[in-house]
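S.K.: This one is entry.txt, compact mmCIF, C-alpha atoms and all ligand atoms.
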```txt
# COMPACT_ATOMS: atom_id res chain seq x y z
CA MET A 1 -68.96 263.04 -163.58
CA LYS A 2 -71.16 260.22 -162.37
CA SER A 3 -69.66 258.04 -159.71
CA LEU A 4 -68.37 254.59 -160.54
CA ASP A 5 -71.20 252.82 -158.75
CA ALA A 6 -73.98 254.96 -160.19
CA THR A 7 -72.71 254.37 -163.71
CA LEU A 8 -72.31 250.64 -163.19
CA GLN A 9 -75.68 250.33 -161.48
CA ALA A 10 -77.43 251.93 -164.46
CA ALA A 11 -75.89 249.36 -166.79
CA LEU A 12 -76.78 246.55 -164.39
CA ASP A 13 -80.38 247.75 -164.19
CA GLU A 14 -80.59 247.79 -167.95
CA ARG A 15 -79.35 244.19 -168.07
CA ARG A 16 -82.00 243.21 -165.60
CA GLN A 17 -84.74 244.95 -167.58
CA GLN A 18 -83.65 243.02 -170.67
CA HIS A 19 -84.06 239.80 -168.67
CA LEU A 20 -80.42 239.06 -169.36
CA TYR A 21 -79.12 239.32 -165.81
CA ARG A 22 -76.95 236.34 -164.90
CA GLN A 23 -76.77 234.76 -161.51
CA ARG A 24 -74.68 232.01 -160.01
CA VAL A 25 -75.91 229.05 -158.04
CA ASN A 26 -73.98 227.81 -155.05
CA VAL A 27 -73.40 224.10 -155.51
CA ALA A 28 -72.80 222.17 -152.32
CA SER A 29 -71.73 218.87 -153.91
CA GLY A 30 -69.09 217.75 -156.38
CA CYS A 31 -69.85 217.53 -160.09
CA GLY A 32 -71.90 214.37 -160.67
CA PRO A 33 -75.24 213.27 -162.12
CA ALA A 34 -76.89 214.96 -159.13
CA LEU A 35 -75.99 218.37 -157.70
CA GLY A 36 -76.75 219.66 -154.23
CA VAL A 37 -78.30 223.12 -154.51
CA ASN A 38 -80.10 224.93 -151.64
CA GLY A 39 -80.52 221.70 -149.74
CA GLN A 40 -82.16 220.10 -152.76
CA SER A 41 -80.72 217.38 -154.99
CA LEU A 42 -81.00 218.32 -158.68
CA LEU A 43 -80.39 216.12 -161.68
CA ASN A 44 -77.44 217.68 -163.47
CA PHE A 45 -77.85 218.16 -167.22
CA CYS A 46 -75.63 221.22 -167.49
CA SER A 47 -72.04 220.13 -166.80
CA ASN A 48 -69.50 219.34 -169.49
CA ASP A 49 -68.35 216.23 -167.63
CA TYR A 50 -69.24 214.10 -170.65
CA LEU A 51 -67.54 210.89 -169.54
CA GLY A 52 -68.52 211.18 -165.89
CA LEU A 53 -64.91 211.42 -164.74
CA ALA A 54 -65.07 214.51 -162.52
CA GLY A 55 -65.84 212.32 -159.53
CA HIS A 56 -63.77 209.25 -160.43
CA PRO A 57 -61.98 207.76 -157.39
CA ASP A 58 -58.80 206.76 -159.28
CA ILE A 59 -58.37 210.29 -160.56
CA ALA A 60 -59.00 211.72 -157.11
CA ALA A 61 -56.43 209.28 -155.68
CA ALA A 62 -53.88 210.39 -158.29
CA LEU A 63 -54.53 214.01 -157.34
CA LYS A 64 -53.96 213.23 -153.65
CA ALA A 65 -50.76 211.33 -154.42
CA GLY A 66 -49.69 214.31 -156.52
CA VAL A 67 -50.20 216.65 -153.58
CA ASP A 68 -48.15 214.32 -151.38
CA ALA A 69 -45.34 214.32 -153.93
CA TYR A 70 -45.40 217.95 -155.07
CA GLY A 71 -47.40 219.97 -152.54
CA THR A 72 -50.17 222.30 -153.56
CA GLY A 73 -48.68 224.92 -155.84
CA SER A 74 -46.17 224.94 -158.69
CA GLY A 75 -44.71 228.18 -157.38
CA ALA A 76 -43.64 229.67 -160.72
CA SER A 77 -44.25 229.74 -164.43
CA HIS A 78 -43.15 226.86 -166.65
CA LEU A 79 -40.11 228.78 -167.90
CA ILE A 80 -38.79 229.51 -164.43
CA SER A 81 -39.20 226.54 -162.09
CA GLY A 82 -42.87 225.56 -162.38
CA HIS A 83 -42.45 222.83 -165.00
CA SER A 84 -42.48 219.54 -163.08
CA VAL A 85 -41.75 216.01 -164.15
CA ALA A 86 -45.53 215.42 -163.80
CA HIS A 87 -46.26 218.17 -166.37
CA GLN A 88 -43.62 216.81 -168.71
CA ARG A 89 -44.99 213.26 -168.46
CA LEU A 90 -48.53 214.44 -169.16
CA GLU A 91 -47.40 216.41 -172.20
CA GLU A 92 -45.75 213.29 -173.59
CA GLN A 93 -48.89 211.26 -172.93
CA LEU A 94 -51.07 213.90 -174.61
CA ALA A 95 -48.81 213.91 -177.66
CA GLU A 96 -49.18 210.17 -177.96
CA PHE A 97 -52.93 210.34 -177.33
CA THR A 98 -53.46 212.89 -180.11
CA GLY A 99 -50.97 211.27 -182.50
CA ARG A 100 -48.98 214.50 -182.68
CA PRO A 101 -45.21 214.90 -182.16
CA ARG A 102 -45.63 217.19 -179.15
CA ALA A 103 -48.14 218.73 -176.79
CA LEU A 104 -48.01 221.73 -174.47
CA LEU A 105 -50.06 222.30 -171.31
CA PHE A 106 -51.82 225.60 -170.65
CA SER A 107 -53.54 226.62 -167.44
CA THR A 108 -56.95 227.03 -169.11
CA GLY A 109 -58.47 226.67 -172.55
CA TYR A 110 -59.21 230.37 -172.58
CA MET A 111 -55.54 231.14 -172.10
CA ALA A 112 -54.46 228.54 -174.65
CA ASN A 113 -56.63 230.15 -177.31
CA LEU A 114 -55.44 233.69 -176.58
CA GLY A 115 -51.84 232.53 -176.51
CA VAL A 116 -51.81 230.39 -179.62
CA ILE A 117 -53.52 232.85 -181.94
CA ASN A 118 -51.37 235.73 -180.80
CA ALA A 119 -48.15 233.75 -181.04
CA LEU A 120 -48.90 232.81 -184.64
CA VAL A 121 -50.24 235.98 -186.26
CA GLY A 122 -49.82 239.74 -185.94
CA ARG A 123 -49.82 242.88 -188.06
CA HIS A 124 -50.28 242.28 -191.82
CA ASP A 125 -51.70 238.80 -191.21
CA LEU A 126 -55.24 237.43 -191.53
CA VAL A 127 -57.37 235.48 -189.02
CA LEU A 128 -60.61 233.88 -190.20
CA GLN A 129 -62.97 232.40 -187.64
CA ASP A 130 -66.34 230.71 -187.67
CA GLN A 131 -68.88 233.18 -186.30
CA LEU A 132 -70.01 230.67 -183.70
CA ASN A 133 -66.54 230.00 -182.34
CA HIS A 134 -66.04 229.97 -178.60
CA ALA A 135 -65.60 233.41 -177.00
CA SER A 136 -61.98 232.66 -176.11
CA LEU A 137 -61.10 232.18 -179.79
CA LEU A 138 -62.94 235.33 -180.80
CA ASP A 139 -61.19 237.28 -178.03
CA GLY A 140 -57.87 235.84 -179.19
CA GLY A 141 -58.61 237.06 -182.71
CA ARG A 142 -59.59 240.53 -181.51
CA LEU A 143 -56.37 240.86 -179.53
CA THR A 144 -54.16 240.40 -182.57
CA ARG A 145 -53.28 243.31 -184.78
CA ALA A 146 -54.13 241.09 -187.73
CA ASP A 147 -57.11 241.55 -190.02
CA PHE A 148 -59.74 239.54 -188.12
CA ARG A 149 -62.91 238.36 -189.83
CA ARG A 150 -65.67 235.91 -189.04
CA TYR A 151 -67.20 233.66 -191.66
CA LYS A 152 -70.78 232.39 -191.60
CA HIS A 153 -71.22 229.29 -189.51
CA SER A 154 -69.48 226.34 -191.25
CA SER A 155 -69.83 228.14 -194.60
CA LEU A 156 -67.15 226.85 -196.96
CA SER A 157 -68.13 229.31 -199.68
CA HIS A 158 -67.81 232.30 -197.36
CA LEU A 159 -64.49 231.03 -196.05
CA GLN A 160 -63.25 230.49 -199.59
CA TRP A 161 -64.35 234.00 -200.61
CA LEU A 162 -62.40 235.53 -197.71
CA LEU A 163 -59.30 233.42 -198.37
CA GLU A 164 -59.28 234.28 -202.06
CA ARG A 165 -59.37 238.00 -201.39
CA SER A 166 -56.41 238.05 -199.03
CA SER A 167 -52.79 238.71 -199.85
CA ALA A 168 -51.75 238.41 -196.21
CA ARG A 169 -48.40 236.91 -195.38
CA ARG A 170 -49.78 234.49 -192.81
CA LYS A 171 -53.36 233.26 -192.84
CA LEU A 172 -54.90 231.41 -189.93
CA VAL A 173 -58.29 229.67 -190.07
CA VAL A 174 -59.74 228.87 -186.65
CA THR A 175 -62.77 226.74 -185.84
CA ASP A 176 -64.34 224.85 -183.00
CA GLY A 177 -64.40 221.10 -183.70
CA VAL A 178 -67.70 220.67 -181.85
CA PHE A 179 -69.59 223.96 -181.47
CA SER A 180 -70.24 224.57 -177.81
CA MET A 181 -73.76 225.99 -177.97
CA ASP A 182 -75.09 224.01 -180.96
CA GLY A 183 -73.33 220.67 -180.59
CA ASP A 184 -72.73 220.30 -184.33
CA LEU A 185 -69.39 219.38 -185.92
CA ALA A 186 -67.26 221.57 -188.17
CA PRO A 187 -66.81 220.14 -191.71
CA LEU A 188 -63.12 219.72 -191.01
CA VAL A 189 -62.10 217.60 -193.98
CA LYS A 190 -63.33 220.30 -196.34
CA ILE A 191 -62.12 223.22 -194.25
CA SER A 192 -58.69 221.67 -194.06
CA ALA A 193 -58.57 221.15 -197.85
CA LEU A 194 -59.63 224.75 -198.41
CA ALA A 195 -57.06 226.04 -195.96
CA SER A 196 -54.20 224.14 -197.56
CA GLU A 197 -55.30 225.20 -201.05
CA HIS A 198 -54.87 228.81 -199.93
CA ASN A 199 -51.73 228.28 -197.88
CA ALA A 200 -53.59 229.01 -194.69
CA TRP A 201 -52.94 227.32 -191.36
CA LEU A 202 -55.77 225.55 -189.57
CA MET A 203 -56.37 225.61 -185.82
CA VAL A 204 -59.10 223.43 -184.30
CA ASP A 205 -60.46 223.91 -180.77
CA ASP A 206 -61.76 220.48 -179.82
CA ALA A 207 -62.76 221.25 -176.23
CA HIS A 208 -65.99 219.28 -176.59
CA GLY A 209 -64.66 216.56 -178.89
CA VAL A 210 -61.68 215.17 -177.00
CA GLY A 211 -62.67 212.20 -174.90
CA VAL A 212 -66.05 211.93 -176.59
CA LEU A 213 -65.36 211.44 -180.31
CA GLY A 214 -63.14 208.82 -181.95
CA ALA A 215 -62.51 205.19 -181.06
CA THR A 216 -60.09 206.03 -178.23
CA GLY A 217 -61.50 209.47 -177.42
CA GLY A 218 -58.94 211.27 -179.57
CA GLY A 219 -61.64 213.71 -180.61
CA ILE A 220 -62.73 215.00 -183.97
CA VAL A 221 -59.31 214.46 -185.57
CA GLU A 222 -59.44 210.80 -184.64
CA GLN A 223 -63.07 210.42 -185.70
CA GLN A 224 -62.44 212.05 -189.08
CA ASN A 225 -58.95 210.66 -189.44
CA LEU A 226 -57.26 214.04 -189.84
CA SER A 227 -53.48 213.96 -189.98
CA LEU A 228 -51.03 216.49 -188.58
CA PRO A 229 -50.68 218.30 -191.95
CA GLN A 230 -54.48 218.51 -192.20
CA VAL A 231 -54.90 219.92 -188.68
CA PRO A 232 -51.51 221.32 -187.72
CA ILE A 233 -52.79 223.15 -184.62
CA LEU A 234 -55.03 221.15 -182.29
CA MET A 235 -56.29 222.46 -178.98
CA GLY A 236 -58.20 220.52 -176.34
CA THR A 237 -59.32 221.17 -172.79
CA LEU A 238 -59.02 219.03 -169.69
CA GLY A 239 -61.82 220.46 -167.56
CA LYS A 240 -64.60 218.81 -169.57
CA SER A 241 -64.36 215.13 -170.61
CA PHE A 242 -61.17 214.63 -168.63
CA GLY A 243 -62.81 215.74 -165.40
CA THR A 244 -59.79 217.73 -164.20
CA PHE A 245 -58.53 221.17 -165.25
CA GLY A 246 -56.36 222.87 -167.83
CA ALA A 247 -55.83 222.62 -171.55
CA PHE A 248 -53.31 221.56 -174.16
CA VAL A 249 -52.16 222.32 -177.66
CA ALA A 250 -50.79 219.50 -179.82
CA GLY A 251 -48.77 219.80 -183.01
CA SER A 252 -45.31 219.80 -184.48
CA GLU A 253 -42.03 220.38 -182.70
CA ALA A 254 -41.76 223.83 -184.31
CA LEU A 255 -45.29 224.80 -183.25
CA ILE A 256 -44.78 223.83 -179.63
CA GLU A 257 -41.36 225.50 -179.39
CA THR A 258 -42.89 228.64 -180.92
CA LEU A 259 -45.59 228.66 -178.25
CA ILE A 260 -43.03 228.20 -175.48
CA GLN A 261 -41.09 231.19 -176.83
CA PHE A 262 -43.94 233.51 -177.89
CA ALA A 263 -47.32 232.63 -176.31
CA ARG A 264 -47.68 235.30 -173.63
CA SER A 265 -50.47 233.48 -171.78
CA TYR A 266 -48.10 230.52 -171.49
CA ILE A 267 -45.04 232.48 -170.43
CA TYR A 268 -46.47 234.99 -167.98
CA THR A 269 -48.53 232.78 -165.72
CA THR A 270 -48.03 230.26 -162.96
CA ALA A 271 -47.93 226.64 -164.05
CA LEU A 272 -50.86 224.41 -163.08
CA PRO A 273 -50.31 222.61 -159.78
CA PRO A 274 -48.36 219.44 -160.63
CA SER A 275 -51.00 217.39 -158.78
CA ILE A 276 -53.51 218.41 -161.47
CA ALA A 277 -51.15 216.98 -164.07
CA CYS A 278 -50.94 213.75 -162.03
CA ALA A 279 -54.74 213.56 -161.93
CA THR A 280 -55.02 214.21 -165.66
CA SER A 281 -52.53 211.45 -166.44
CA ALA A 282 -54.79 209.05 -164.53
CA SER A 283 -57.80 210.42 -166.35
CA LEU A 284 -56.18 210.07 -169.77
CA LYS A 285 -55.72 206.38 -169.20
CA ILE A 286 -59.40 205.94 -168.38
CA VAL A 287 -60.48 208.10 -171.32
CA ALA A 288 -58.47 206.00 -173.76
CA GLN A 289 -59.32 202.59 -172.32
CA GLU A 290 -62.90 202.69 -171.07
CA HIS A 291 -64.78 202.55 -174.35
CA TRP A 292 -67.98 201.69 -172.53
CA ARG A 293 -68.26 205.31 -171.40
CA ARG A 294 -68.49 206.52 -175.01
CA ASP A 295 -70.82 203.64 -175.94
CA HIS A 296 -73.15 204.38 -173.05
CA LEU A 297 -73.08 208.11 -173.84
CA CYS A 298 -73.98 207.44 -177.50
CA ALA A 299 -76.91 205.28 -176.39
CA LEU A 300 -78.13 208.08 -174.11
CA ILE A 301 -77.84 210.65 -176.92
CA ALA A 302 -79.93 208.43 -179.21
CA ARG A 303 -82.48 207.80 -176.45
CA PHE A 304 -82.78 211.51 -175.71
CA ARG A 305 -83.19 212.53 -179.36
CA GLU A 306 -85.76 209.87 -180.05
CA GLY A 307 -87.79 210.79 -176.97
CA ALA A 308 -87.47 214.52 -177.66
CA GLN A 309 -88.68 214.15 -181.22
CA HIS A 310 -91.58 212.08 -179.96
CA ILE A 311 -92.78 214.88 -177.69
CA GLY A 312 -92.14 217.55 -180.33
CA LEU A 313 -89.13 219.39 -178.88
CA HIS A 314 -87.20 221.65 -181.23
CA LEU A 315 -83.80 219.94 -181.43
CA MET A 316 -80.75 220.95 -183.44
CA ALA A 317 -78.59 218.86 -185.78
CA SER A 318 -76.30 217.56 -183.06
CA THR A 319 -74.90 214.07 -182.69
CA THR A 320 -72.86 215.00 -179.63
CA PRO A 321 -73.71 215.11 -175.92
CA ILE A 322 -74.55 218.82 -176.34
CA GLN A 323 -78.26 218.71 -177.15
CA PRO A 324 -79.80 222.18 -177.36
CA VAL A 325 -83.57 222.52 -177.16
CA LEU A 326 -84.60 225.73 -178.92
CA ILE A 327 -87.23 227.86 -177.21
CA ASN A 328 -88.70 230.33 -179.66
CA ASP A 329 -88.91 233.16 -177.12
CA ASP A 330 -85.64 234.25 -175.47
CA GLN A 331 -87.43 235.40 -172.33
CA ARG A 332 -89.20 232.07 -171.89
CA VAL A 333 -85.85 230.28 -171.66
CA ASN A 334 -85.32 231.44 -168.10
CA GLU A 335 -88.87 230.68 -167.05
CA ILE A 336 -88.65 227.17 -168.42
CA SER A 337 -85.35 226.52 -166.74
CA GLN A 338 -86.86 227.73 -163.43
CA LEU A 339 -89.81 225.37 -163.88
CA LEU A 340 -87.38 222.53 -164.54
CA ARG A 341 -85.46 223.50 -161.43
CA ALA A 342 -88.66 223.18 -159.43
CA LYS A 343 -88.99 219.67 -160.84
CA GLY A 344 -85.49 218.83 -159.65
CA ILE A 345 -83.67 219.25 -162.94
CA MET A 346 -80.86 221.63 -163.76
CA VAL A 347 -80.12 222.62 -167.37
CA GLY A 348 -78.25 225.58 -168.83
CA ALA A 349 -80.44 228.50 -169.93
CA ILE A 350 -78.56 230.09 -172.81
CA ARG A 351 -79.67 233.49 -174.05
CA PRO A 352 -78.23 236.34 -176.07
CA PRO A 353 -75.51 237.58 -176.18
CA THR A 354 -74.07 234.06 -175.80
CA VAL A 355 -76.24 232.98 -178.76
CA PRO A 356 -77.86 235.15 -181.49
CA GLU A 357 -81.10 237.01 -180.74
CA GLY A 358 -84.12 234.76 -181.04
CA SER A 359 -82.20 231.54 -180.58
CA GLY A 360 -82.41 231.18 -176.81
CA ARG A 361 -82.20 227.59 -175.77
CA LEU A 362 -81.86 225.04 -173.04
CA ARG A 363 -78.40 223.57 -173.39
CA ILE A 364 -78.76 219.98 -172.31
CA CYS A 365 -75.54 218.11 -171.67
CA LEU A 366 -75.56 214.37 -171.40
CA SER A 367 -72.91 212.39 -169.56
CA ALA A 368 -71.84 208.79 -169.30
CA ALA A 369 -72.63 209.17 -165.60
CA HIS A 370 -76.35 209.42 -166.41
CA SER A 371 -78.65 206.42 -166.44
CA GLU A 372 -81.34 205.76 -169.04
CA GLN A 373 -83.89 206.33 -166.34
CA GLN A 374 -82.49 209.80 -165.62
CA VAL A 375 -82.75 210.71 -169.30
CA ASP A 376 -86.37 209.56 -169.26
CA GLN A 377 -86.97 211.73 -166.20
CA LEU A 378 -85.54 214.70 -168.09
CA LEU A 379 -87.81 214.05 -171.06
CA GLU A 380 -90.89 213.79 -168.85
CA ALA A 381 -90.01 217.06 -167.16
CA LEU A 382 -89.40 218.82 -170.48
CA GLU A 383 -92.77 217.68 -171.72
CA SER A 384 -94.58 218.75 -168.56
CA VAL A 385 -93.11 222.29 -168.55
CA GLY A 386 -94.09 222.80 -172.18
CA ALA A 387 -90.57 223.19 -173.60
C1 LIG B 1 -64.70 225.47 -172.42
C2 LIG B 1 -64.12 225.92 -173.71
C3 LIG B 1 -62.94 226.66 -173.75
C4 LIG B 1 -62.28 227.20 -172.52
O1 LIG B 1 -61.66 226.20 -171.81
P1 LIG B 1 -61.38 226.43 -170.26
O2 LIG B 1 -60.36 225.43 -169.92
O3 LIG B 1 -62.68 226.22 -169.57
O4 LIG B 1 -60.88 227.84 -170.12
C5 LIG B 1 -62.40 226.95 -174.98
N1 LIG B 1 -63.00 226.56 -176.12
C6 LIG B 1 -64.17 225.88 -176.12
C7 LIG B 1 -64.79 225.49 -177.41
C8 LIG B 1 -64.77 225.56 -174.91
O5 LIG B 1 -65.93 224.93 -174.89
```
Is it possible to express this structure as structure tokens?
M.R.:
Amino acid sequence: MKSLDATLQAALDERRQQHLYRQRVNVASGCGPALGVNGQSLLNFCSNDYLGLAGHPDIAAALKAGVDAYGTGSGASHLISGHSVAHQRLEEQLAEFTGRPRALLFSTGYMANLGVINALVGRHDLVLQDQLNHASLLDGGRLTRADFRRYKHSSLSHLQWLLERSSARRKLVVTDGVFSMDGDLAPLVKISALASEHNAWLMVDDAHGVGVLGATGGGIVEQQNLSLPQVPILMGTLGKSFGTFGAFVAGSEALIETLIQFARSYIYTTALPPSIACATSASLKIVAQEHWRRDHLCALIARFREGAQHIGLHLMASTTPIQPVLINDDQRVNEISQLLRAKGIMVGAIRPPTVPEGSGRLRICLSAAHSEQQVDQLLEALESVGA
């Protein structure tokens, strides 16, 4: 038998030969419009800090006050002694923010998605997911013993076909609100009508929509005016627009109580530090009240798209701060991102298997923390490296 290391090394070498080897960068600064990397300052177009809140002083002050009040760790899971008054208050604020009766905090979005799907369906049930859903949703679907199928991206006819052919007891349709690698929106009004026509439940992961979409940042359900019966299971994350950490699920009393009783990734893990909940409460207030952040972000998105079209970049149909630039050769994606790095600009280089073969891209993320001038700098650099 080959040793552990020899076997692993062979697989690693193969990854490298495929030009798919991933490496981390060590960032020496906080998350902001500029990142300190290897003693260099790089313009940051790869974080999901859409509203520019990750470095906000009021949120940092709330975190520090939270540490003074509660210390550093929660010490236990929510069902033992880890559920603080700060967590409870934040859940109530998130329920109000989303216009849902209740909300429940999870430690990460990944865990929320695993927990929710597996608390709601099991053997003899059906889970239908958009093929471009986030990996955490797909993993959640694979973990269930339900019949798990993926429908073509935002295809209502494929979804309908799969729903019609099922006699499952419980049917769960799951979609991203904003797709994380493409930036486009799910056709939720139609998906929700289709789901209710077939007695299926709808879960929406709005990790990239909350904070950004809707008049008060309520996300895709606010923007498209989707009620609780239309989207009974709403998930959002707090590490992106909110600039802190964690995730939540919002819905009915029965949904939230079910998750508390049955979601294993909720039950068997340590609660977030209460100070994080304190920070998120401060963030939530800013998200809801500071409309100028969304207005400025929208102006930057329009500026970027207009400039990109002018220089002939291959954009996708995205109206959100996620603006992919398709590069027709998957191997060139890395080269181009390295050239951009040399010009002082950091963007995400996204290649298979994160996206389908042949659709490698630069994933450009805009933030309210950027200036118009920084967006222009990005466009100039993209043009000069031949993206
Ligand atoms: C980031 C993300 C998650 C995971 O959230 P974390 O809190 O980072 O674990 C889940 N779903 C989508 C669509 C995401 O973009």
S.K.: Can you work out the spacing between CA of Pro353 (chain A) and CA of Ala308 (chain A) in Å, to one decimal?
M.R.: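 Those two atoms sit 26.0 Å apart.
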S.K.: Please, what is the axis-aligned box for every listed atom of ligand LIG 1 (chain B) with 3 Å on each side, as centre and edge lengths in Å to one decimal, as JSON?
M.R.:
```
{"center_x": -63.1, "center_y": 226.4, "center_z": -173.5, "size_x": 11.6, "size_y": 8.9, "size_z": 13.8}
```
S.K.: May I ask you to write as a tab-separated table (two decimals) with C-alpha atoms, in the coordinates of the input all residues lying at most 10 Å from ligand LIG 1 (chain B), with all atoms listed in the file counted?
M.R.:
```tsv
chain	number	residue	atom	x	y	z
A	48	ASN	CA	-69.50	219.34	-169.49
A	106	PHE	CA	-51.82	225.60	-170.65
A	107	SER	CA	-53.54	226.62	-167.44
A	108	THR	CA	-56.95	227.03	-169.11
A	109	GLY	CA	-58.47	226.67	-172.55
A	110	TYR	CA	-59.21	230.37	-172.58
A	111	MET	CA	-55.54	231.14	-172.10
A	112	ALA	CA	-54.46	228.54	-174.65
A	113	ASN	CA	-56.63	230.15	-177.31
A	114	LEU	CA	-55.44	233.69	-176.58
A	132	LEU	CA	-70.01	230.67	-183.70
A	133	ASN	CA	-66.54	230.00	-182.34
A	134	HIS	CA	-66.04	229.97	-178.60
A	135	ALA	CA	-65.60	233.41	-177.00
A	136	SER	CA	-61.98	232.66	-176.11
A	137	LEU	CA	-61.10	232.18	-179.79
A	138	LEU	CA	-62.94	235.33	-180.80
A	175	THR	CA	-62.77	226.74	-185.84
A	176	ASP	CA	-64.34	224.85	-183.00
A	177	GLY	CA	-64.40	221.10	-183.70
A	178	VAL	CA	-67.70	220.67	-181.85
A	179	PHE	CA	-69.59	223.96	-181.47
A	180	SER	CA	-70.24	224.57	-177.81
A	181	MET	CA	-73.76	225.99	-177.97
A	204	VAL	CA	-59.10	223.43	-184.30
A	205	ASP	CA	-60.46	223.91	-180.77
A	206	ASP	CA	-61.76	220.48	-179.82
A	207	ALA	CA	-62.76	221.25	-176.23
A	208	HIS	CA	-65.99	219.28	-176.59
A	209	GLY	CA	-64.66	216.56	-178.89
A	235	MET	CA	-56.29	222.46	-178.98
A	236	GLY	CA	-58.20	220.52	-176.34
A	237	THR	CA	-59.32	221.17	-172.79
A	238	LEU	CA	-59.02	219.03	-169.69
A	239	GLY	CA	-61.82	220.46	-167.56
A	240	LYS	CA	-64.60	218.81	-169.57
A	244	THR	CA	-59.79	217.73	-164.20
A	245	PHE	CA	-58.53	221.17	-165.25
A	246	GLY	CA	-56.36	222.87	-167.83
A	247	ALA	CA	-55.83	222.62	-171.55
A	248	PHE	CA	-53.31	221.56	-174.16
```
S.K.: Find, counting all atoms listed in the file, the residue in A:Ala186, A:Leu94, A:Val212, A:Cys365 that gets nearest to Cys298 (chain A).
M.R.: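 Closest to Cys298 (chain A), using all atoms listed in the file: A:Val212.
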S.K.: Write out as a PyMOL selection string which residues come within 12 Å of Glu197 (chain A) when counting only C-alpha atoms, dropping same-chain ones fewer than 2 positions away.
M.R.: chain A and resi 159-160+163-164+171+190-195+199-202+230
S.K.: Applying 8 Å and all atoms listed in the file, which residues near Met203 (chain A) remain after dropping the ones on its own chain fewer than 3 positions away? List them as a ChimeraX atom specification.
M.R.: /A:172-175,231-235
S.K.: Which residues, written as a compact mmCIF listing (two decimals) with C-alpha atoms, in the frame of the given file, have at least one atom at most 7 Å from Pro274 (chain A), with only C-alpha atoms counted and residues fewer than 3 positions away on the same chain left out?
M.R.:
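Now in selection_35.txt:
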```txt
# COMPACT_ATOMS: atom_id res chain seq x y z
CA GLY A 66 -49.69 214.31 -156.52
CA TYR A 70 -45.40 217.95 -155.07
CA SER A 74 -46.17 224.94 -158.69
CA SER A 84 -42.48 219.54 -163.08
CA ALA A 86 -45.53 215.42 -163.80
CA HIS A 87 -46.26 218.17 -166.37
CA ALA A 277 -51.15 216.98 -164.07
CA CYS A 278 -50.94 213.75 -162.03
```
S.K.: Excluding region 318-330 of chain A and its own-chain neighbours fewer than 6 positions away, which residues fall within 6 Å of it when counting all atoms listed in the file? Please give them as a ChimeraX atom specification.
M.R.: /A:183-184,358,360-366
S.K.: In Å, rounded to a single decimal, give me how far CA of Ile260 (chain A) is from CA of Gly141 (chain A).
M.R.: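 It comes out at 19.3 Å.
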S.K.: Using all atoms listed in the file, can you tell me which of A:Ser252, A:Thr216, A:Gln93, A:Asn225 comes closest to Glu290 (chain A)?
M.R.: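 Closest residue, counting all atoms listed in the file: A:Thr216.
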S.K.: Mind giving me the straight-line distance from CA of Leu340 (chain A) to CA of Leu51 (chain A) in Å, one decimal?
M.R.: 23.5 Å
S.K.: Find the residues around Thr72 (chain A) up to 12 Å (all atoms listed in the file counted), leave out those fewer than 2 positions away in its own chain, and share them as an MDAnalysis selection string.
M.R.: chainID A and resid 63:70 74:75 82 271:277
S.K.: In terms of the shortest atom-to-atom distance over only C-alpha atoms, which of A:Ser337, A:Gln261, A:Ser155, A:Asn118 is closest to Pro187 (chain A)?
M.R.: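 Among A:Ser337, A:Gln261, A:Ser155, A:Asn118, it is A:Ser155 that comes nearest to Pro187 (chain A).
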S.K.: When you count all atoms listed in the file, which of these residues is closest to Leu226 (chain A): A:Ser157, A:Thr98, A:Gln373, A:Ser167?
M.R.: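 Among A:Ser157, A:Thr98, A:Gln373, A:Ser167, it is A:Thr98 that comes nearest to Leu226 (chain A).
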S.K.: Determine the nearest neighbour of Ser367 (chain A) from the options A:Arg15, A:Arg294, A:Arg89, A:Lys152, counting all atoms listed in the file.
M.R.: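 Of the candidates, the smallest distance to Ser367 (chain A) is held by A:Arg294.
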S.K.: Ranking A:Leu213, A:Leu42, A:Ala282, A:Ile80 by minimum distance to Tyr268 (chain A) and counting only C-alpha atoms, which one comes first?
M.R.: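 Residue with the minimum atom-to-atom distance to Tyr268 (chain A): A:Ile80.
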